[in-house]
Amino acid sequence: MFEREIRRRAKELLEAKAVDLVIGYTSGSLPFQARPILVSSPEDTEQLVWNHFCSPNLARYLLPYRESSKKIALLAKGCDTRAVVILLREEQFPRERIHIIGLPCSGIISKRKLEEKLGEIKEEDFSWEENSFLCQGKKWEIDSFLEDTCARCRYPNPPLWDDLIGEKREPRESSVDYLEKISSQAEEERWQFFTQELSRCIRCYACRNACPLCYCKECFAESDVPRWISGVPTLSDNLFFHLGRSMHLAGRCVECGACERACPEEIKIGLLPLKVEEIIKNNFSFEAGLSLEEEAPLLTYKENDPGEFIK
Amino acid sequence: MKNDWEPKIVAFLCHWCSYAGADLAGISRIQYPPNIRVIRVPCSGAVNPLYILKALREGADGVLVSGCHPGDCHYLSGNYFARRKFFVLHELLQWLGIEKDRVQFSWVSASEGQKFSQVVEETVEKVKKLGPAQKLVKEFTFYV
């Protein structure tokens, strides 16, 4: 799927010295995995891959280059590009330093869901198409194997790009929204669900570290003065951390699901920031990372904003 | 024991309006329940959502945030930003199942001593109805 074109374009850019570095994906050390790779010489572009398992949000890997003057090309799916847009909007990079190779994305497949439905899986049994795959002599649609955030994705196409490889896609019509499912529960049930889930959190901060937009030099979770929370992963600390993180991502979360995929306890940790985005979308008609001009929703206001909750 | 329970409420009052409003309530000898602990802040816009969560975590049963009326902010627009921020926090807490009524917001100007006492009365009443806070309160651990 467009792998050859991606390699060719990356090689061109590096040979022409238009960029110093290409950030992309390469095969992981285990099957059904892809990991990020930084390519700086034209020969190494052969290692680049593009498939249904390219899950890390590569915008995260731009952040160490904030202080350098390197020009960087980045393979970016819809959500990665939205994260880049926010980084540009927040003046973390000048636009000239980032070359976006946009990739319309059909969704990331969850290895866990494959194993649940198909039992033991081997890489050689699969042959992949864009929206389906062949396995055990049967054709499967990828829809029911997608990661939860990909199943509800509304922006498979990059909103901004310098090169676009592949064809633009329509968002999935039969989208399953796991946020809606949780929202339809009774309040008390939801509280039970979250306390159960969050009491499993070990606060390894993998979610924060995988997030392309959690780039504070000192995170409130680890600050000593003031000391917001203790290092002990008790339920109240965990709730505080995840509520605080969601508030920090308010109007910035690009719904990529990198936090959930990073979670070693498989907690659906993306639900909180996703809910915040929904609140912002419904009340301030704003969606993160779609435009370089629009003001962030919490950095602006309107005189007729909802205010009935204030006495 | 339970009947004696009185809620502890942390009140973040903006220096320019609500704090002066509370002061006016004081010098006008207007009575209001003694359950609030006042923290003076420069502006309601300076109240970080984490302050509210932290107060609940450290054992407050309720939080009141009060600032200038829209359009009257000493810093021109601080309270407008605050309104958006608190709206999001309020909705999020509600969705998560943490009682929304524990966190109250109000606009009280420097001349509204009477309103300030009303706001405090209402807040105390609502929090009393909910009972002691339990959901975000930090657990007792042997660790520091």
# chains A, B, ... in the order shown; residues from 1 in each chain; ligands from 1
>>> residues_around(residues="Ala25 in chain B", least_positions_apart="4", cutoff="10 Å", atoms="only C-alpha atoms", output="MDAnalysis selection string")
chainID B and resid 19:21 29:32 110:117
>>> write_last_selection(atoms="C-alpha atoms", output="mmCIF file, in the first residue's frame")
data_model
loop_
_atom_site.group_PDB
_atom_site.id
_atom_site.type_symbol
_atom_site.label_atom_id
_atom_site.label_comp_id
_atom_site.auth_asym_id
_atom_site.auth_seq_id
_atom_site.Cartn_x
_atom_site.Cartn_y
_atom_site.Cartn_z
ATOM 1 C CA TYR B 19 -13.445 39.453 48.070
ATOM 2 C CA ALA B 20 -14.568 43.068 48.440
ATOM 3 C CA GLY B 21 -18.179 41.794 48.353
ATOM 4 C CA ARG B 29 -22.910 42.732 59.633
ATOM 5 C CA ILE B 30 -24.767 40.466 57.204
ATOM 6 C CA GLN B 31 -24.930 36.946 58.580
ATOM 7 C CA TYR B 32 -23.804 33.962 56.557
ATOM 8 C CA ALA B 110 -17.922 44.595 45.382
ATOM 9 C CA SER B 111 -21.279 46.179 46.176
ATOM 10 C CA GLU B 112 -23.188 42.911 46.551
ATOM 11 C CA GLY B 113 -22.666 42.007 50.207
ATOM 12 C CA GLN B 114 -26.207 40.714 50.360
ATOM 13 C CA LYS B 115 -25.749 38.530 47.304
ATOM 14 C CA PHE B 116 -22.525 37.157 48.709
ATOM 15 C CA SER B 117 -24.264 35.968 51.841
#
>>> residues_around(residues="range 41-52 of chain A", least_positions_apart="5", cutoff="7 Å", atoms="only C-alpha atoms", output="list in words")
Met1, Glu3, Arg7, Ala10, Lys11, Leu14, Glu15, Gly24, Tyr25, Thr26, Ser27, Gly107, Ile108 and Ile109 of chain A
>>> atom_distance(atom1="CA of Leu249 in chain A", atom2="CA of Ala206 in chain A")
15.7 Å
>>> residues_around(residues="Phe241 in chain A", least_positions_apart="6", cutoff="12 Å", atoms="only C-alpha atoms", output="ChimeraX atom specification")
/A:198,201-205,207-208,219-223,227-235,247-248,269,272 /B:50,53-54,57,136
>>> write_last_selection(atoms="C-alpha atoms", output="CSV table (one decimal), in the first residue's frame")
chain,number,residue,atom,x,y,z
A,198,LEU,CA,-8.5,3.8,37.2
A,201,CYS,CA,-3.6,2.6,36.8
A,202,ILE,CA,0.0,2.2,38.0
A,203,ARG,CA,0.9,5.8,36.9
A,204,CYS,CA,3.8,4.8,34.7
A,205,TYR,CA,3.0,8.0,32.7
A,207,CYS,CA,0.1,7.7,28.3
A,208,ARG,CA,1.6,11.1,28.9
A,219,CYS,CA,4.5,17.9,34.3
A,220,PHE,CA,2.2,18.8,37.2
A,221,ALA,CA,2.2,15.2,38.2
A,222,GLU,CA,5.8,15.3,39.0
A,223,SER,CA,6.2,18.8,40.3
A,227,ARG,CA,3.0,19.0,45.0
A,228,TRP,CA,-0.3,18.2,43.4
A,229,ILE,CA,-0.3,14.5,43.9
A,230,SER,CA,1.8,11.9,45.6
A,231,GLY,CA,3.7,9.3,43.6
A,232,VAL,CA,1.6,6.5,45.1
A,233,PRO,CA,-0.9,5.2,42.6
A,234,THR,CA,-4.0,5.4,44.8
A,235,LEU,CA,-7.3,5.9,43.2
A,247,MET,CA,-8.0,19.6,31.4
A,248,HIS,CA,-4.5,20.3,30.0
A,269,ILE,CA,-7.6,6.3,29.3
A,272,LEU,CA,-11.6,11.5,29.4
B,50,LEU,CA,-6.2,21.9,39.5
B,53,LEU,CA,-9.5,19.3,42.3
B,54,LYS,CA,-6.8,19.7,44.9
B,57,ARG,CA,-8.7,15.9,47.3
B,136,LEU,CA,-11.9,12.5,45.1
>>> closest_atom_pairs(of="chain B", to="chain A", cutoff="6 Å", atoms="only C-alpha atoms", output="CSV")
residue,atom,partner,partner_atom,distance
B:Leu96,CA,A:Trp191,CA,5.8
B:Gly97,CA,A:Trp191,CA,5.1
B:Phe105,CA,A:Ile310,CA,4.8
B:Ser106,CA,A:Lys311,CA,4.4
B:Leu136,CA,A:Ser236,CA,5.3
B:Lys138,CA,A:Ser236,CA,5.2
>>> write_last_selection(atoms="N, CA and C atoms", output="compact mmCIF listing (two decimals), in the first residue's frame")
# COMPACT_ATOMS: atom_id res chain seq x y z
N LEU B 96 -18.25 12.26 34.78
CA LEU B 96 -17.48 11.22 35.46
C LEU B 96 -18.23 10.67 36.66
N GLY B 97 -19.20 11.44 37.16
CA GLY B 97 -19.98 10.97 38.30
C GLY B 97 -19.59 11.62 39.61
N PHE B 105 -20.06 28.10 41.21
CA PHE B 105 -19.46 29.32 40.67
C PHE B 105 -20.45 30.46 40.83
N SER B 106 -19.94 31.65 41.03
CA SER B 106 -20.85 32.80 41.11
C SER B 106 -20.13 34.08 40.70
N LEU B 136 -13.28 12.17 45.56
CA LEU B 136 -11.92 12.51 45.15
C LEU B 136 -10.95 12.56 46.33
N LYS B 138 -8.37 12.02 49.20
CA LYS B 138 -7.21 11.13 49.20
C LYS B 138 -7.34 10.08 50.29
>>> closest_residue(among="B:Trp107, B:Trp5, B:Phe12, B:Phe140", to="Pro49 in chain B", atoms="only C-alpha atoms")
B:Phe12
>>> closest_atom_pairs(of="range 85-139 of chain A", to="range 144-162 of chain A", cutoff="7 Å", atoms="only C-alpha atoms", output="CSV")
residue,atom,partner,partner_atom,distance
A:His99,CA,A:Asp162,CA,6.0
A:Ile100,CA,A:Trp161,CA,5.0
A:Ile101,CA,A:Asp162,CA,6.0
A:Gly102,CA,A:Trp161,CA,5.3
A:Leu103,CA,A:Pro158,CA,6.9
A:Pro104,CA,A:Asn157,CA,4.5
A:Cys105,CA,A:Pro156,CA,5.2
A:Ser106,CA,A:Pro156,CA,6.7
A:Gly107,CA,A:Cys150,CA,5.3
A:Ile108,CA,A:Leu146,CA,5.7
A:Ile109,CA,A:Leu146,CA,4.4
A:Ser110,CA,A:Glu147,CA,5.1
A:Lys113,CA,A:Phe145,CA,5.6
A:Leu114,CA,A:Phe145,CA,6.2
>>> residues_around(residues="range 59-66 of chain B", least_positions_apart="5", cutoff="8 Å", atoms="only C-alpha atoms", output="ChimeraX atom specification")
/B:7-14,18,44,52,101-108,123,127,131-133,137-138
>>> select_by_dssp(residues="range 4-118 of chain B", states="helix (DSSP H, G or I)", output="MDAnalysis selection string")
chainID B and resid 4 18:27 44:46 49:57 78:96 100:102 113:118
>>> residues_around(residues="Leu58 in chain A", least_positions_apart="6", cutoff="8 Å", atoms="only C-alpha atoms", output="compact mmCIF listing (two decimals) with N, CA and C atoms, in the first residue's frame")
# COMPACT_ATOMS: atom_id res chain seq x y z
N ILE A 23 11.02 11.11 9.54
CA ILE A 23 10.49 10.29 10.62
C ILE A 23 9.37 9.43 10.04
N GLY A 24 9.52 8.12 10.16
CA GLY A 24 8.52 7.22 9.59
C GLY A 24 8.39 5.95 10.43
N PRO A 36 8.59 3.49 15.28
CA PRO A 36 9.09 4.67 14.61
C PRO A 36 10.55 4.50 14.21
N LEU A 74 7.98 14.26 7.91
CA LEU A 74 7.25 13.41 8.84
C LEU A 74 6.15 12.69 8.08
N LEU A 75 6.10 11.35 8.22
CA LEU A 75 4.94 10.64 7.67
C LEU A 75 3.80 10.85 8.64
N ALA A 76 2.68 11.32 8.14
CA ALA A 76 1.62 11.68 9.09
C ALA A 76 0.26 11.25 8.61
N ASP A 80 -2.00 12.35 13.27
CA ASP A 80 -0.64 12.87 13.46
C ASP A 80 -0.55 14.29 12.94
N PRO A 212 1.49 13.26 21.82
CA PRO A 212 2.29 14.26 21.12
C PRO A 212 2.12 15.67 21.69
